[in-house]
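First up is the structure itself, then whatever we jot down about it.
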Amino acid sequence: MTQTPMTIEELKRMAGIIRCDIIEMICTAGAGHPGGSLSATDVVTALYFRVMRVDPKNPGWPERDRFILSKGHACPVWYAALAERGYFDKAHLSTLRRLNSILQGHPDMHKTPGVDMTVGSLGHGMSAGLGMAMSARMRKKDYHTWVVVGDGESQEGSIWECAMATAKWKLDNFTVILDRNHLQNDFCVDDEMPIEPVADKWRAFGWYVDAIDGHSMEQVVAALEAARERKGIPTLILAETVKGKGVSFMENVADWHGKAPCQAEADKALDEIRRCYCEI
Amino acid sequence: MKSKYRYVLPEIQTLLTSKDLFAKAKSEPTRYSYADALLALGEQNPDVVSLDADVSKSMKTTLFAAKFPERSFNFGIAEQNMMAAAAGMATTGLIPFANTYAVFASMRALDMVRNSIHYPRLNVKIAASHSGITPGPDGVTHQAQEDLSIMRALAGSTVIAPADPTSTRMAVHAAAAYNGPVYLSFTRDPVPVLYDESFPFKIGKAVVVREGKDAAIFANRDLVVQALMAAELLAKKGIDVRVIDCHTLKPLDEPMVLKAARDTGALVTAENNIIYGGLGSAVAELLVEKFPIPMKRVGVGNTFAESGPYLEVIDKYGLTARHIVKAVNDVLRRKPAVQGKLPAKPPAQPKSKATSSKVKAKLRRRR
């Protein structure tokens, strides 16, 4: 097994493996959300295999960094990362969304080792992360809390309630990564309910905004590591991403927000991903 | 003669027949009793934190904030963020008390209360003031007449509506000692201090506060005192009712309900909450499956209320002692064992000759 923290090259390869897991598990389940899982893959991979202080053998370790995928529907990427990181056996991945599975359709903290918060209804996870960060500050603990928020999700009012509160308390132990993949369930984010100028909005709410290419592992790692060190201000990493990243026919297609590939589509997708990532 | 009352202060017992009970009795809004108890808890347990949403002065949780500024957080007018943040804090072992008004706790932030607090069974205490139509003057937007029904519908919820300041303090300590989400409902308006310190508060255990054998009244929060007043009015007519403080709406004290049903054969529920889904519904659901007997629910009907002084509003909307008396008389009339002993219900007087002749014509056609 590869040691963590991984090098950039190892991370790129791992992101390919996790993308394959995502396609396989959603295809097997016959339902799920591939688009938003694939757009968040590089960020989640960098967090679990390089940046976060975690112990897969002790998922409840009080000193661990916390991670919340606030856009809970993209949980295949979370489950795949946890399995690859050794939180549970990879065999569970094929049970996604099945009765009695540890892998629910949306994440359940009591069913899946490593899931720090139950999420699914949008606009909750960031606030839960805020609570964890506030607790760390109060108890003088040095763990960091990381939350991935969707760009569609940021249409929820509670996201901005939380953005305001985080800045009020100047929580520098709290980082939000905005997965800016431009698509939501129905249509394009910026047609359906525009969020631009999104960087200015977060800055106006009192955040340090770090805009990056969310698929450049070098940029992702640099932004995450800088966020951990930044003092006195919360960081919003504006990760410019592509919904369905890594699978040509899924990229930038809103229909792949919540649709499972059939076996033939999955085979084609896996072939593309393996050629692009795993042979690095 | 041995008193029929249990735990009820002697001065309250003597005032129950007085029209001036609310003026003369020592009283306090239970939101203030909560604030006292929270402060005491803060001293005992460093994990207790207080979360506010711009009503800390109203709920007097400013007391906690002044004493423990590092454990007090005001989220502003943002109840959704407060509830989900409380959930996040609870995952780290803190015991957050999230303070707001019942309408906001149970409705504005319900998605967070359901998905982020109850579904993961996190140890968050929701402290809801202005529950029921106790915020009389504020009007409908601030009158939470359905909060208890909503909270009762959540899986794994514990819902507590204490009757007086003494039992409120006990409820707050019991909630802190319990591991899991608890919804605590408090009054905006003052309610009399009913009980002495021997009141045996235990989550899920209803308390008989007045012995009686002819019928039983199950009441919660601010209608317990109305039920006690009703019992005195009924006693004057020779009717002896048991009064039960059913402070925990959920889990319902089923053995206590069934015992009262068997002992008395007639039950009335009294709640300052809409009659759908609250205490009346809980008792009715149990009785209809296990021990069907005559029963009547006193509560807010299918209507929103309006602004007005607390006691006037609850009277207009059918929640005072006289309404409970009427309900008891109704169940006694339907109770087989006492039929014949009580005066039969007088036949309804025709409103006018016109209606009367219409009714007669209808009856003739039926024959």
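Naming scheme: A, B, ... for chains in displayed order of the structure tokens; residues 1 onward per chain; ligands 1 onward as shown.
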
Exercise: Ala23 in chain B partners within 12 Å, only C-alpha atoms, chain neighbours under 5 positions left out, as a list in words: Ile12, Leu15, Leu16, Ser18, Glu28, Pro190, Val191, Pro192 and Leu311 of chain B

Show me which bits of chain A are within 9 Å of chain B, counting only C-alpha atoms, as an mmCIF file with N, CA and C atoms, in the first residue's frame.
```
data_model
loop_
_atom_site.group_PDB
_atom_site.id
_atom_site.type_symbol
_atom_site.label_atom_id
_atom_site.label_comp_id
_atom_site.auth_asym_id
_atom_site.auth_seq_id
_atom_site.Cartn_x
_atom_site.Cartn_y
_atom_site.Cartn_z
ATOM 1 N N PRO A 62 -10.248 11.800 18.389
ATOM 2 C CA PRO A 62 -10.709 13.169 18.642
ATOM 3 C C PRO A 62 -9.834 14.247 18.011
ATOM 4 N N ASP A 108 -24.317 8.828 5.990
ATOM 5 C CA ASP A 108 -24.825 8.644 7.353
ATOM 6 C C ASP A 108 -23.623 8.381 8.261
ATOM 7 N N MET A 109 -23.356 9.296 9.192
ATOM 8 C CA MET A 109 -22.168 9.211 10.044
ATOM 9 C C MET A 109 -22.155 7.975 10.943
ATOM 10 N N HIS A 110 -23.324 7.407 11.198
ATOM 11 C CA HIS A 110 -23.354 6.241 12.078
ATOM 12 C C HIS A 110 -23.234 4.927 11.314
ATOM 13 N N ASP A 116 -17.810 12.024 8.939
ATOM 14 C CA ASP A 116 -17.850 12.830 10.157
ATOM 15 C C ASP A 116 -19.197 13.501 10.389
ATOM 16 N N MET A 117 -20.052 13.544 9.378
ATOM 17 C CA MET A 117 -21.350 14.200 9.567
ATOM 18 C C MET A 117 -22.356 13.647 8.579
ATOM 19 N N THR A 118 -23.556 13.430 9.074
ATOM 20 C CA THR A 118 -24.667 13.021 8.224
ATOM 21 C C THR A 118 -25.113 14.221 7.390
ATOM 22 N N VAL A 119 -25.108 14.056 6.086
ATOM 23 C CA VAL A 119 -25.501 15.162 5.201
ATOM 24 C C VAL A 119 -26.354 14.641 4.039
ATOM 25 N N GLY A 120 -26.898 15.547 3.286
ATOM 26 C CA GLY A 120 -27.722 15.168 2.148
ATOM 27 C C GLY A 120 -28.650 16.305 1.771
ATOM 28 N N SER A 121 -29.338 16.843 2.768
ATOM 29 C CA SER A 121 -30.121 18.041 2.512
ATOM 30 C C SER A 121 -29.121 19.183 2.384
ATOM 31 N N GLY A 123 -26.979 22.655 2.166
ATOM 32 C CA GLY A 123 -26.895 23.828 3.033
ATOM 33 C C GLY A 123 -26.776 23.490 4.502
ATOM 34 N N HIS A 124 -26.488 22.229 4.836
ATOM 35 C CA HIS A 124 -26.310 21.829 6.238
ATOM 36 C C HIS A 124 -24.843 21.641 6.602
ATOM 37 N N GLY A 125 -24.111 20.964 5.724
ATOM 38 C CA GLY A 125 -22.786 20.463 6.085
ATOM 39 C C GLY A 125 -21.798 21.557 6.435
ATOM 40 N N MET A 126 -21.921 22.689 5.759
ATOM 41 C CA MET A 126 -20.988 23.774 6.052
ATOM 42 C C MET A 126 -21.218 24.269 7.482
ATOM 43 N N SER A 127 -22.481 24.394 7.868
ATOM 44 C CA SER A 127 -22.780 24.837 9.233
ATOM 45 C C SER A 127 -22.310 23.815 10.260
ATOM 46 N N ALA A 128 -22.488 22.544 9.958
ATOM 47 C CA ALA A 128 -22.009 21.513 10.881
ATOM 48 C C ALA A 128 -20.495 21.627 11.030
ATOM 49 N N GLY A 129 -19.809 21.872 9.919
ATOM 50 C CA GLY A 129 -18.359 22.060 9.965
ATOM 51 C C GLY A 129 -17.988 23.276 10.803
ATOM 52 N N LEU A 130 -18.784 24.322 10.659
ATOM 53 C CA LEU A 130 -18.560 25.516 11.485
ATOM 54 C C LEU A 130 -18.615 25.145 12.971
ATOM 55 N N GLY A 131 -19.616 24.342 13.337
ATOM 56 C CA GLY A 131 -19.745 23.917 14.740
ATOM 57 C C GLY A 131 -18.511 23.151 15.205
ATOM 58 N N MET A 132 -17.985 22.302 14.336
ATOM 59 C CA MET A 132 -16.785 21.528 14.686
ATOM 60 C C MET A 132 -15.582 22.462 14.867
ATOM 61 N N ALA A 133 -15.472 23.439 13.984
ATOM 62 C CA ALA A 133 -14.357 24.389 14.064
ATOM 63 C C ALA A 133 -14.480 25.268 15.309
ATOM 64 N N MET A 134 -15.710 25.655 15.638
ATOM 65 C CA MET A 134 -15.920 26.466 16.843
ATOM 66 C C MET A 134 -15.544 25.672 18.087
ATOM 67 N N SER A 135 -15.905 24.394 18.068
ATOM 68 C CA SER A 135 -15.560 23.529 19.198
ATOM 69 C C SER A 135 -14.044 23.429 19.352
ATOM 70 N N ALA A 136 -13.329 23.291 18.224
ATOM 71 C CA ALA A 136 -11.862 23.198 18.265
ATOM 72 C C ALA A 136 -11.269 24.469 18.858
ATOM 73 N N MET A 138 -12.726 26.633 20.839
ATOM 74 C CA MET A 138 -13.087 26.753 22.254
ATOM 75 C C MET A 138 -12.218 25.853 23.134
ATOM 76 N N SER A 158 -28.784 29.230 3.802
ATOM 77 C CA SER A 158 -28.041 28.856 5.011
ATOM 78 C C SER A 158 -26.532 28.899 4.784
ATOM 79 N N ILE A 159 -26.096 28.710 3.517
ATOM 80 C CA ILE A 159 -24.662 28.806 3.207
ATOM 81 C C ILE A 159 -24.161 30.205 3.578
ATOM 82 N N TRP A 160 -24.972 31.202 3.270
ATOM 83 C CA TRP A 160 -24.538 32.589 3.507
ATOM 84 C C TRP A 160 -24.697 32.969 4.975
ATOM 85 N N GLU A 161 -25.663 32.357 5.655
ATOM 86 C CA GLU A 161 -25.727 32.527 7.116
ATOM 87 C C GLU A 161 -24.414 32.045 7.725
ATOM 88 N N CYS A 162 -23.964 30.904 7.225
ATOM 89 C CA CYS A 162 -22.759 30.287 7.771
ATOM 90 C C CYS A 162 -21.512 31.087 7.373
ATOM 91 N N ALA A 165 -21.223 33.979 9.693
ATOM 92 C CA ALA A 165 -20.834 33.592 11.051
ATOM 93 C C ALA A 165 -19.354 33.214 11.121
#
```

Write out as a PyMOL selection string which residues come within 6 Å of Lys243 in chain A when counting only C-alpha atoms, dropping same-chain ones fewer than 2 positions away. chain A and resi 35-36+39+181+245+251-252

When DSSP works through the backbone of this structure, what residues of range 151-360 of chain B end up as strand (DSSP E), shown as a PyMOL selection string? chain B and resi 159-160+182-185+190-192+207-210+215-219+241-245+248-250+267-274+295-300

Just write the chosen residues, C-alpha atoms, as an mmCIF file, in the first residue's frame.
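Done, and the output landed in selection.cif:
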```cif
data_model
loop_
_atom_site.group_PDB
_atom_site.id
_atom_site.type_symbol
_atom_site.label_atom_id
_atom_site.label_comp_id
_atom_site.auth_asym_id
_atom_site.auth_seq_id
_atom_site.Cartn_x
_atom_site.Cartn_y
_atom_site.Cartn_z
ATOM 1 C CA VAL B 159 -40.360 16.345 23.574
ATOM 2 C CA ILE B 160 -40.845 18.013 26.944
ATOM 3 C CA VAL B 182 -34.330 16.919 23.357
ATOM 4 C CA TYR B 183 -36.906 19.573 22.526
ATOM 5 C CA LEU B 184 -37.778 21.731 25.529
ATOM 6 C CA SER B 185 -40.821 23.950 25.273
ATOM 7 C CA PRO B 190 -45.716 33.939 33.350
ATOM 8 C CA VAL B 191 -47.144 30.743 34.781
ATOM 9 C CA PRO B 192 -47.645 30.087 38.504
ATOM 10 C CA VAL B 207 -46.926 12.694 37.391
ATOM 11 C CA VAL B 208 -50.291 12.482 39.157
ATOM 12 C CA VAL B 209 -50.649 15.902 40.772
ATOM 13 C CA ARG B 210 -54.229 15.463 41.933
ATOM 14 C CA ALA B 215 -62.238 10.981 35.138
ATOM 15 C CA ALA B 216 -58.637 11.886 34.387
ATOM 16 C CA ILE B 217 -57.184 14.976 32.753
ATOM 17 C CA PHE B 218 -53.811 14.701 31.030
ATOM 18 C CA ALA B 219 -52.335 18.152 30.556
ATOM 19 C CA VAL B 241 -61.051 14.112 38.688
ATOM 20 C CA ARG B 242 -57.452 13.013 38.566
ATOM 21 C CA VAL B 243 -55.009 15.490 37.097
ATOM 22 C CA ILE B 244 -51.818 14.247 35.471
ATOM 23 C CA ASP B 245 -48.910 16.476 34.489
ATOM 24 C CA THR B 248 -43.095 14.520 28.439
ATOM 25 C CA LEU B 249 -45.156 14.413 25.276
ATOM 26 C CA LYS B 250 -42.779 11.879 23.766
ATOM 27 C CA LEU B 267 -60.122 10.820 29.782
ATOM 28 C CA VAL B 268 -59.627 14.428 28.777
ATOM 29 C CA THR B 269 -56.442 15.896 27.342
ATOM 30 C CA ALA B 270 -55.579 19.583 27.624
ATOM 31 C CA GLU B 271 -52.817 21.231 25.630
ATOM 32 C CA ASN B 272 -51.983 24.689 24.374
ATOM 33 C CA ASN B 273 -51.255 23.242 20.938
ATOM 34 C CA ILE B 274 -53.306 22.405 17.893
ATOM 35 C CA MET B 295 -62.190 10.716 25.541
ATOM 36 C CA LYS B 296 -62.145 14.388 24.625
ATOM 37 C CA ARG B 297 -59.322 16.651 23.464
ATOM 38 C CA VAL B 298 -58.995 20.244 24.594
ATOM 39 C CA GLY B 299 -56.642 22.209 22.366
ATOM 40 C CA VAL B 300 -56.492 24.722 19.566
#
```

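With CA of Asp253 in chain B on one side and CA of Leu110 in chain B on the other, the separation reads 25.4 Å.
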
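Between CA of Ala153 in chain B and CA of His118 in chain B the separation is 11.0 Å.
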
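Among the candidates A:Ala222, A:Ala264, A:Ala83, A:Val242, the residue lying nearest to Thr112 in chain A is A:Ala83 (atoms considered: only C-alpha atoms).
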
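Look at His182 in chain A: the protein and nucleic acid residues within 8 Å of it, using only C-alpha atoms and passing over chain neighbours fewer than 4 places away, are A:Asp151, A:Gly152, A:Cys188, A:Val189, A:Asp190, A:Thr241, A:Val242, A:Lys243.
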
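The two atoms in question, CA of Leu21 in chain B and CA of Asp214 in chain B, are spaced 25.1 Å apart.
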
If we count only C-alpha atoms, what is near Ile102 in chain A at a cut-off of 8 Å, once residues fewer than 3 positions away on the same chain are taken out, given as number ranges by chain? A: 92, 95-96, 111-112

Can you tell me, as a PDB file with N, CA and C atoms, in the first residue's frame, what residues are no more than 12 Å from Met52 in chain A when counting only C-alpha atoms, ignoring any on the same chain fewer than 5 positions away?
```pdb
ATOM      1  N   THR A   4       1.111   7.523   2.881  1.00  0.00           N
ATOM      2  CA  THR A   4       0.706   8.931   2.835  1.00  0.00           C
ATOM      3  C   THR A   4       1.660   9.698   3.726  1.00  0.00           C
ATOM      4  N   PRO A   5       1.909  10.988   3.508  1.00  0.00           N
ATOM      5  CA  PRO A   5       1.338  11.767   2.410  1.00  0.00           C
ATOM      6  C   PRO A   5       1.928  11.376   1.060  1.00  0.00           C
ATOM      7  N   MET A   6       1.041  11.373   0.067  1.00  0.00           N
ATOM      8  CA  MET A   6       1.465  10.970  -1.273  1.00  0.00           C
ATOM      9  C   MET A   6       2.137  12.126  -2.008  1.00  0.00           C
ATOM     10  N   VAL A  43      -9.913  17.151  -5.344  1.00  0.00           N
ATOM     11  CA  VAL A  43      -9.860  17.806  -4.026  1.00  0.00           C
ATOM     12  C   VAL A  43      -9.948  16.755  -2.912  1.00  0.00           C
ATOM     13  N   VAL A  44     -10.916  15.849  -3.025  1.00  0.00           N
ATOM     14  CA  VAL A  44     -11.109  14.845  -1.971  1.00  0.00           C
ATOM     15  C   VAL A  44      -9.881  13.934  -1.874  1.00  0.00           C
ATOM     16  N   THR A  45      -9.312  13.578  -3.015  1.00  0.00           N
ATOM     17  CA  THR A  45      -8.110  12.727  -3.024  1.00  0.00           C
ATOM     18  C   THR A  45      -6.948  13.426  -2.310  1.00  0.00           C
ATOM     19  N   ALA A  46      -6.736  14.685  -2.659  1.00  0.00           N
ATOM     20  CA  ALA A  46      -5.628  15.434  -2.034  1.00  0.00           C
ATOM     21  C   ALA A  46      -5.820  15.525  -0.523  1.00  0.00           C
ATOM     22  N   LEU A  47      -7.079  15.728  -0.094  1.00  0.00           N
ATOM     23  CA  LEU A  47      -7.332  15.843   1.342  1.00  0.00           C
ATOM     24  C   LEU A  47      -7.018  14.534   2.057  1.00  0.00           C
ATOM     25  N   GLU A  63      -8.564  13.951  17.780  1.00  0.00           N
ATOM     26  CA  GLU A  63      -7.656  14.976  17.248  1.00  0.00           C
ATOM     27  C   GLU A  63      -7.637  15.023  15.722  1.00  0.00           C
ATOM     28  N   ARG A  64      -8.439  14.186  15.075  1.00  0.00           N
ATOM     29  CA  ARG A  64      -8.405  14.116  13.603  1.00  0.00           C
ATOM     30  C   ARG A  64      -8.927  15.392  12.958  1.00  0.00           C
ATOM     31  N   ASP A  65      -8.453  15.656  11.759  1.00  0.00           N
ATOM     32  CA  ASP A  65      -9.093  16.675  10.935  1.00  0.00           C
ATOM     33  C   ASP A  65     -10.496  16.186  10.595  1.00  0.00           C
ATOM     34  N   ARG A  66     -11.427  17.139  10.474  1.00  0.00           N
ATOM     35  CA  ARG A  66     -12.788  16.779  10.074  1.00  0.00           C
ATOM     36  C   ARG A  66     -12.992  17.082   8.603  1.00  0.00           C
ATOM     37  N   PHE A  67     -13.746  16.188   7.951  1.00  0.00           N
ATOM     38  CA  PHE A  67     -14.115  16.447   6.562  1.00  0.00           C
ATOM     39  C   PHE A  67     -15.612  16.251   6.387  1.00  0.00           C
ATOM     40  N   ARG A  85      -8.484   4.553   1.288  1.00  0.00           N
ATOM     41  CA  ARG A  85      -7.611   4.988   2.382  1.00  0.00           C
ATOM     42  C   ARG A  85      -7.571   3.958   3.512  1.00  0.00           C
ATOM     43  N   TYR A 143      -7.053  20.608  15.370  1.00  0.00           N
ATOM     44  CA  TYR A 143      -7.513  19.965  14.130  1.00  0.00           C
ATOM     45  C   TYR A 143      -8.147  21.001  13.207  1.00  0.00           C
ATOM     46  N   HIS A 144      -8.139  20.692  11.905  1.00  0.00           N
ATOM     47  CA  HIS A 144      -8.693  21.583  10.889  1.00  0.00           C
ATOM     48  C   HIS A 144      -9.978  20.954  10.339  1.00  0.00           C
ATOM     49  N   THR A 145     -10.953  21.778  10.011  1.00  0.00           N
ATOM     50  CA  THR A 145     -12.204  21.270   9.452  1.00  0.00           C
ATOM     51  C   THR A 145     -12.306  21.704   7.993  1.00  0.00           C
ATOM     52  N   TRP A 146     -12.563  20.728   7.128  1.00  0.00           N
ATOM     53  CA  TRP A 146     -12.627  20.946   5.677  1.00  0.00           C
ATOM     54  C   TRP A 146     -14.026  20.609   5.183  1.00  0.00           C
ATOM     55  N   VAL A 147     -14.602  21.484   4.411  1.00  0.00           N
ATOM     56  CA  VAL A 147     -15.945  21.230   3.885  1.00  0.00           C
ATOM     57  C   VAL A 147     -15.963  21.496   2.387  1.00  0.00           C
ATOM     58  N   THR A 175     -11.860  25.520   6.455  1.00  0.00           N
ATOM     59  CA  THR A 175     -11.678  25.824   5.034  1.00  0.00           C
ATOM     60  C   THR A 175     -12.817  25.232   4.231  1.00  0.00           C
ATOM     61  N   VAL A 221      -3.271  20.877  -4.107  1.00  0.00           N
ATOM     62  CA  VAL A 221      -2.452  20.606  -2.924  1.00  0.00           C
ATOM     63  C   VAL A 221      -1.893  21.913  -2.348  1.00  0.00           C
ATOM     64  N   LEU A 224      -4.715  23.834  -0.563  1.00  0.00           N
ATOM     65  CA  LEU A 224      -5.140  23.215   0.699  1.00  0.00           C
ATOM     66  C   LEU A 224      -4.074  23.417   1.775  1.00  0.00           C
ATOM     67  N   GLU A 225      -2.804  23.222   1.395  1.00  0.00           N
ATOM     68  CA  GLU A 225      -1.735  23.358   2.394  1.00  0.00           C
ATOM     69  C   GLU A 225      -1.581  24.809   2.844  1.00  0.00           C
ATOM     70  N   ALA A 227      -4.066  26.935   2.946  1.00  0.00           N
ATOM     71  CA  ALA A 227      -5.257  27.257   3.761  1.00  0.00           C
ATOM     72  C   ALA A 227      -5.046  26.848   5.211  1.00  0.00           C
ATOM     73  N   ARG A 228      -4.402  25.699   5.396  1.00  0.00           N
ATOM     74  CA  ARG A 228      -4.164  25.245   6.767  1.00  0.00           C
ATOM     75  C   ARG A 228      -3.272  26.224   7.536  1.00  0.00           C
TER      76      ARG A 228
END
```

Find the residues near Tyr101 in chain B: any atom within 7 Å, counting only C-alpha atoms, skip ones fewer than 5 places away on the same chain, and give them as a PyMOL selection string. chain B and resi 128-130
